[in-house]
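Listing of query-v2.cif, mmCIF, N, CA and C atoms; chains and numbers go by the auth columns
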```cif
data_final
loop_
_atom_site.group_PDB
_atom_site.id
_atom_site.type_symbol
_atom_site.label_atom_id
_atom_site.label_comp_id
_atom_site.label_asym_id
_atom_site.label_seq_id
_atom_site.Cartn_x
_atom_site.Cartn_y
_atom_site.Cartn_z
_atom_site.B_iso_or_equiv
_atom_site.auth_seq_id
_atom_site.auth_asym_id
ATOM 1 N N MET A 1 16.225 14.281 -2.954 0.00 1 A
ATOM 2 C CA MET A 1 15.379 13.137 -2.680 0.00 1 A
ATOM 3 C C MET A 1 15.894 12.436 -1.420 0.00 1 A
ATOM 4 N N ILE A 2 14.991 12.019 -0.585 0.00 2 A
ATOM 5 C CA ILE A 2 15.345 11.339 0.663 0.00 2 A
ATOM 6 C C ILE A 2 15.226 9.831 0.445 0.00 2 A
ATOM 7 N N ALA A 3 16.258 9.111 0.823 0.00 3 A
ATOM 8 C CA ALA A 3 16.216 7.646 0.729 0.00 3 A
ATOM 9 C C ALA A 3 15.345 7.098 1.851 0.00 3 A
ATOM 10 N N LEU A 4 14.491 6.191 1.492 0.00 4 A
ATOM 11 C CA LEU A 4 13.627 5.560 2.492 0.00 4 A
ATOM 12 C C LEU A 4 14.345 4.394 3.137 0.00 4 A
ATOM 13 N N SER A 5 14.087 4.195 4.416 0.00 5 A
ATOM 14 C CA SER A 5 14.672 3.047 5.099 0.00 5 A
ATOM 15 C C SER A 5 13.988 1.762 4.630 0.00 5 A
ATOM 16 N N ASP A 6 14.616 0.634 4.898 0.00 6 A
ATOM 17 C CA ASP A 6 14.071 -0.664 4.506 0.00 6 A
ATOM 18 C C ASP A 6 12.721 -0.869 5.192 0.00 6 A
ATOM 19 N N PRO A 7 11.637 -1.042 4.421 0.00 7 A
ATOM 20 C CA PRO A 7 10.313 -1.193 5.029 0.00 7 A
ATOM 21 C C PRO A 7 10.149 -2.501 5.802 0.00 7 A
ATOM 22 N N ASN A 8 11.047 -3.470 5.595 0.00 8 A
ATOM 23 C CA ASN A 8 10.953 -4.748 6.294 0.00 8 A
ATOM 24 C C ASN A 8 11.757 -4.773 7.587 0.00 8 A
ATOM 25 N N TYR A 9 12.520 -3.715 7.866 0.00 9 A
ATOM 26 C CA TYR A 9 13.350 -3.676 9.068 0.00 9 A
ATOM 27 C C TYR A 9 12.465 -3.531 10.303 0.00 9 A
ATOM 28 N N LEU A 10 12.762 -4.329 11.324 0.00 10 A
ATOM 29 C CA LEU A 10 12.044 -4.237 12.596 0.00 10 A
ATOM 30 C C LEU A 10 13.026 -3.837 13.688 0.00 10 A
ATOM 31 N N THR A 11 12.586 -2.976 14.573 0.00 11 A
ATOM 32 C CA THR A 11 13.395 -2.660 15.739 0.00 11 A
ATOM 33 C C THR A 11 13.288 -3.828 16.713 0.00 11 A
ATOM 34 N N PRO A 12 14.237 -3.944 17.633 0.00 12 A
ATOM 35 C CA PRO A 12 14.113 -5.012 18.636 0.00 12 A
ATOM 36 C C PRO A 12 12.798 -4.924 19.413 0.00 12 A
ATOM 37 N N GLU A 13 12.332 -3.715 19.677 0.00 13 A
ATOM 38 C CA GLU A 13 11.075 -3.543 20.414 0.00 13 A
ATOM 39 C C GLU A 13 9.886 -4.062 19.603 0.00 13 A
ATOM 40 N N GLN A 14 9.882 -3.785 18.286 0.00 14 A
ATOM 41 C CA GLN A 14 8.809 -4.286 17.428 0.00 14 A
ATOM 42 C C GLN A 14 8.827 -5.813 17.383 0.00 14 A
ATOM 43 N N TYR A 15 10.014 -6.376 17.276 0.00 15 A
ATOM 44 C CA TYR A 15 10.149 -7.841 17.257 0.00 15 A
ATOM 45 C C TYR A 15 9.582 -8.458 18.530 0.00 15 A
ATOM 46 N N LEU A 16 9.955 -7.912 19.679 0.00 16 A
ATOM 47 C CA LEU A 16 9.468 -8.472 20.945 0.00 16 A
ATOM 48 C C LEU A 16 7.957 -8.354 21.074 0.00 16 A
ATOM 49 N N GLU A 17 7.398 -7.261 20.597 0.00 17 A
ATOM 50 C CA GLU A 17 5.944 -7.097 20.636 0.00 17 A
ATOM 51 C C GLU A 17 5.250 -8.151 19.776 0.00 17 A
ATOM 52 N N ILE A 18 5.790 -8.408 18.599 0.00 18 A
ATOM 53 C CA ILE A 18 5.234 -9.426 17.710 0.00 18 A
ATOM 54 C C ILE A 18 5.350 -10.811 18.348 0.00 18 A
ATOM 55 N N GLU A 19 6.504 -11.115 18.936 0.00 19 A
ATOM 56 C CA GLU A 19 6.736 -12.439 19.520 0.00 19 A
ATOM 57 C C GLU A 19 5.783 -12.742 20.667 0.00 19 A
ATOM 58 N N THR A 20 5.437 -11.736 21.453 0.00 20 A
ATOM 59 C CA THR A 20 4.535 -11.986 22.586 0.00 20 A
ATOM 60 C C THR A 20 3.126 -12.338 22.124 0.00 20 A
ATOM 61 N N LYS A 21 2.765 -11.943 20.905 0.00 21 A
ATOM 62 C CA LYS A 21 1.423 -12.195 20.387 0.00 21 A
ATOM 63 C C LYS A 21 1.367 -13.387 19.432 0.00 21 A
ATOM 64 N N ASN A 22 2.513 -13.958 19.092 0.00 22 A
ATOM 65 C CA ASN A 22 2.581 -14.979 18.057 0.00 22 A
ATOM 66 C C ASN A 22 2.767 -16.370 18.660 0.00 22 A
ATOM 67 N N THR A 23 2.134 -17.367 18.082 0.00 23 A
ATOM 68 C CA THR A 23 2.312 -18.741 18.555 0.00 23 A
ATOM 69 C C THR A 23 3.503 -19.416 17.881 0.00 23 A
ATOM 70 N N ILE A 24 3.942 -18.876 16.755 0.00 24 A
ATOM 71 C CA ILE A 24 5.131 -19.385 16.072 0.00 24 A
ATOM 72 C C ILE A 24 6.310 -18.526 16.502 0.00 24 A
ATOM 73 N N LYS A 25 7.376 -19.143 16.953 0.00 25 A
ATOM 74 C CA LYS A 25 8.524 -18.390 17.426 0.00 25 A
ATOM 75 C C LYS A 25 9.491 -18.104 16.287 0.00 25 A
ATOM 76 N N HIS A 26 10.155 -16.964 16.387 0.00 26 A
ATOM 77 C CA HIS A 26 11.070 -16.503 15.362 0.00 26 A
ATOM 78 C C HIS A 26 12.408 -16.138 15.988 0.00 26 A
ATOM 79 N N GLU A 27 13.420 -16.017 15.138 0.00 27 A
ATOM 80 C CA GLU A 27 14.671 -15.450 15.595 0.00 27 A
ATOM 81 C C GLU A 27 14.851 -14.112 14.892 0.00 27 A
ATOM 82 N N TYR A 28 15.526 -13.205 15.556 0.00 28 A
ATOM 83 C CA TYR A 28 15.713 -11.836 15.075 0.00 28 A
ATOM 84 C C TYR A 28 17.164 -11.664 14.673 0.00 28 A
ATOM 85 N N ILE A 29 17.403 -11.330 13.403 0.00 29 A
ATOM 86 C CA ILE A 29 18.763 -11.147 12.906 0.00 29 A
ATOM 87 C C ILE A 29 18.812 -9.858 12.084 0.00 29 A
ATOM 88 N N LYS A 30 19.549 -8.896 12.581 0.00 30 A
ATOM 89 C CA LYS A 30 19.782 -7.628 11.861 0.00 30 A
ATOM 90 C C LYS A 30 18.499 -6.996 11.338 0.00 30 A
ATOM 91 N N GLY A 31 17.479 -6.944 12.177 0.00 31 A
ATOM 92 C CA GLY A 31 16.245 -6.266 11.807 0.00 31 A
ATOM 93 C C GLY A 31 15.234 -7.094 11.057 0.00 31 A
ATOM 94 N N GLU A 32 15.540 -8.362 10.803 0.00 32 A
ATOM 95 C CA GLU A 32 14.597 -9.242 10.119 0.00 32 A
ATOM 96 C C GLU A 32 14.293 -10.433 11.013 0.00 32 A
ATOM 97 N N ILE A 33 13.090 -11.000 10.840 0.00 33 A
ATOM 98 C CA ILE A 33 12.732 -12.171 11.631 0.00 33 A
ATOM 99 C C ILE A 33 12.591 -13.386 10.731 0.00 33 A
ATOM 100 N N TYR A 34 12.961 -14.533 11.298 0.00 34 A
ATOM 101 C CA TYR A 34 12.906 -15.804 10.588 0.00 34 A
ATOM 102 C C TYR A 34 12.231 -16.821 11.490 0.00 34 A
ATOM 103 N N ALA A 35 11.285 -17.581 10.918 0.00 35 A
ATOM 104 C CA ALA A 35 10.595 -18.609 11.694 0.00 35 A
ATOM 105 C C ALA A 35 11.597 -19.660 12.155 0.00 35 A
ATOM 106 N N MET A 36 11.443 -20.102 13.394 0.00 36 A
ATOM 107 C CA MET A 36 12.318 -21.130 13.941 0.00 36 A
ATOM 108 C C MET A 36 11.667 -22.499 13.741 0.00 36 A
ATOM 109 N N ALA A 37 12.425 -23.418 13.221 0.00 37 A
ATOM 110 C CA ALA A 37 11.935 -24.777 13.018 0.00 37 A
ATOM 111 C C ALA A 37 12.239 -25.625 14.246 0.00 37 A
ATOM 112 N N GLY A 38 11.346 -26.528 14.561 0.00 38 A
ATOM 113 C CA GLY A 38 11.609 -27.503 15.604 0.00 38 A
ATOM 114 C C GLY A 38 11.509 -27.011 17.034 0.00 38 A
ATOM 115 N N THR A 39 10.806 -25.921 17.274 0.00 39 A
ATOM 116 C CA THR A 39 10.643 -25.482 18.661 0.00 39 A
ATOM 117 C C THR A 39 9.577 -26.320 19.342 0.00 39 A
ATOM 118 N N THR A 40 9.678 -26.406 20.642 0.00 40 A
ATOM 119 C CA THR A 40 8.693 -27.146 21.431 0.00 40 A
ATOM 120 C C THR A 40 8.063 -26.193 22.423 0.00 40 A
ATOM 121 N N ASP A 41 6.992 -26.630 23.069 0.00 41 A
ATOM 122 C CA ASP A 41 6.365 -25.792 24.088 0.00 41 A
ATOM 123 C C ASP A 41 7.346 -25.459 25.201 0.00 41 A
ATOM 124 N N THR A 42 8.257 -26.376 25.516 0.00 42 A
ATOM 125 C CA THR A 42 9.258 -26.123 26.553 0.00 42 A
ATOM 126 C C THR A 42 10.184 -24.988 26.141 0.00 42 A
ATOM 127 N N HIS A 43 10.617 -24.982 24.889 0.00 43 A
ATOM 128 C CA HIS A 43 11.460 -23.893 24.408 0.00 43 A
ATOM 129 C C HIS A 43 10.750 -22.554 24.545 0.00 43 A
ATOM 130 N N ILE A 44 9.499 -22.538 24.138 0.00 44 A
ATOM 131 C CA ILE A 44 8.729 -21.297 24.169 0.00 44 A
ATOM 132 C C ILE A 44 8.540 -20.835 25.609 0.00 44 A
ATOM 133 N N LYS A 45 8.197 -21.749 26.490 0.00 45 A
ATOM 134 C CA LYS A 45 7.968 -21.401 27.898 0.00 45 A
ATOM 135 C C LYS A 45 9.228 -20.861 28.527 0.00 45 A
ATOM 136 N N GLU A 46 10.382 -21.487 28.262 0.00 46 A
ATOM 137 C CA GLU A 46 11.627 -21.049 28.856 0.00 46 A
ATOM 138 C C GLU A 46 12.110 -19.730 28.261 0.00 46 A
ATOM 139 N N ALA A 47 11.717 -19.409 27.038 0.00 47 A
ATOM 140 C CA ALA A 47 12.152 -18.180 26.394 0.00 47 A
ATOM 141 C C ALA A 47 11.335 -16.966 26.835 0.00 47 A
ATOM 142 N N GLU A 48 10.152 -17.197 27.360 0.00 48 A
ATOM 143 C CA GLU A 48 9.292 -16.091 27.764 0.00 48 A
ATOM 144 C C GLU A 48 9.767 -15.531 29.099 0.00 48 A
ATOM 145 N N PRO A 49 9.716 -14.201 29.236 0.00 49 A
ATOM 146 C CA PRO A 49 10.100 -13.605 30.522 0.00 49 A
ATOM 147 C C PRO A 49 9.088 -13.952 31.606 0.00 49 A
ATOM 148 N N PRO A 50 9.531 -14.003 32.838 0.00 50 A
ATOM 149 C CA PRO A 50 8.610 -14.341 33.951 0.00 50 A
ATOM 150 C C PRO A 50 7.537 -13.317 34.164 0.00 50 A
#
```

So, in terms of structure tokens, how does the structure I just supplied come out?
Amino acid sequence: MIALSDPNYLTPEQYLEIETKNTIKHEYIKGEIYAMAGTTDTHIKEAEPP
């Protein structure tokens, strides 16, 4: 029997793709994402690549 990988695990590439399409910002920790509390438009603007 083959063990299945964690279905909730995200690669860094998957996380970045989700973040570019999402209005709520998250942090990425060991393959999981968590909503960030207290972000502002300035935080989001500065975090986005040019």

Exercise: Ala35 (chain A) partners within 6.5 Å, only N, CA and C atoms, chain neighbours under 5 positions left out, as a ChimeraX atom specification: /A:24-27

Filtering to N, CA and C atoms, could you give me those residues as a PDB file, in the coordinates of the input?
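Saved the output as result05.pdb:
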```pdb
ATOM      1  N   ILE A  24       3.942 -18.876  16.755  1.00  0.00           N
ATOM      2  CA  ILE A  24       5.131 -19.385  16.072  1.00  0.00           C
ATOM      3  C   ILE A  24       6.310 -18.526  16.502  1.00  0.00           C
ATOM      4  N   LYS A  25       7.376 -19.143  16.953  1.00  0.00           N
ATOM      5  CA  LYS A  25       8.524 -18.390  17.426  1.00  0.00           C
ATOM      6  C   LYS A  25       9.491 -18.104  16.287  1.00  0.00           C
ATOM      7  N   HIS A  26      10.155 -16.964  16.387  1.00  0.00           N
ATOM      8  CA  HIS A  26      11.070 -16.503  15.362  1.00  0.00           C
ATOM      9  C   HIS A  26      12.408 -16.138  15.988  1.00  0.00           C
ATOM     10  N   GLU A  27      13.420 -16.017  15.138  1.00  0.00           N
ATOM     11  CA  GLU A  27      14.671 -15.450  15.595  1.00  0.00           C
ATOM     12  C   GLU A  27      14.851 -14.112  14.892  1.00  0.00           C
TER      13      GLU A  27
END
```

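From atom N of Gly31 (chain A) back to atom N of Pro12 (chain A), the distance works out to 7.0 Å.
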
How big is the axis-aligned box, and where does its centre sit, when it encloses all atoms of region 25-30 of chain A listed in the file and has 5 Å added on every side, reported in Å to one decimal as AutoDock Vina command-line options?
```
--center_x 13.6 --center_y -13.1 --center_z 14.4 --size_x 22.4 --size_y 22.1 --size_z 16.1
```

Could you state which residues are captured by the PyMOL selection byres (((chain A and resi 15 and name CA) around 10) and name CA) in this file, as a PyMOL selection string? chain A and resi 9-14+16-20+26-28+31-33

Quick one: pull the distance between CA of Gly38 (chain A) and CA of Asn22 (chain A), Å, one decimal.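 Answer for the CA of Gly38 (chain A) to CA of Asn22 (chain A) separation: 15.6 Å.
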
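Between atom N of Ala37 (chain A) and atom C of Lys21 (chain A) there is a distance of 16.2 Å.
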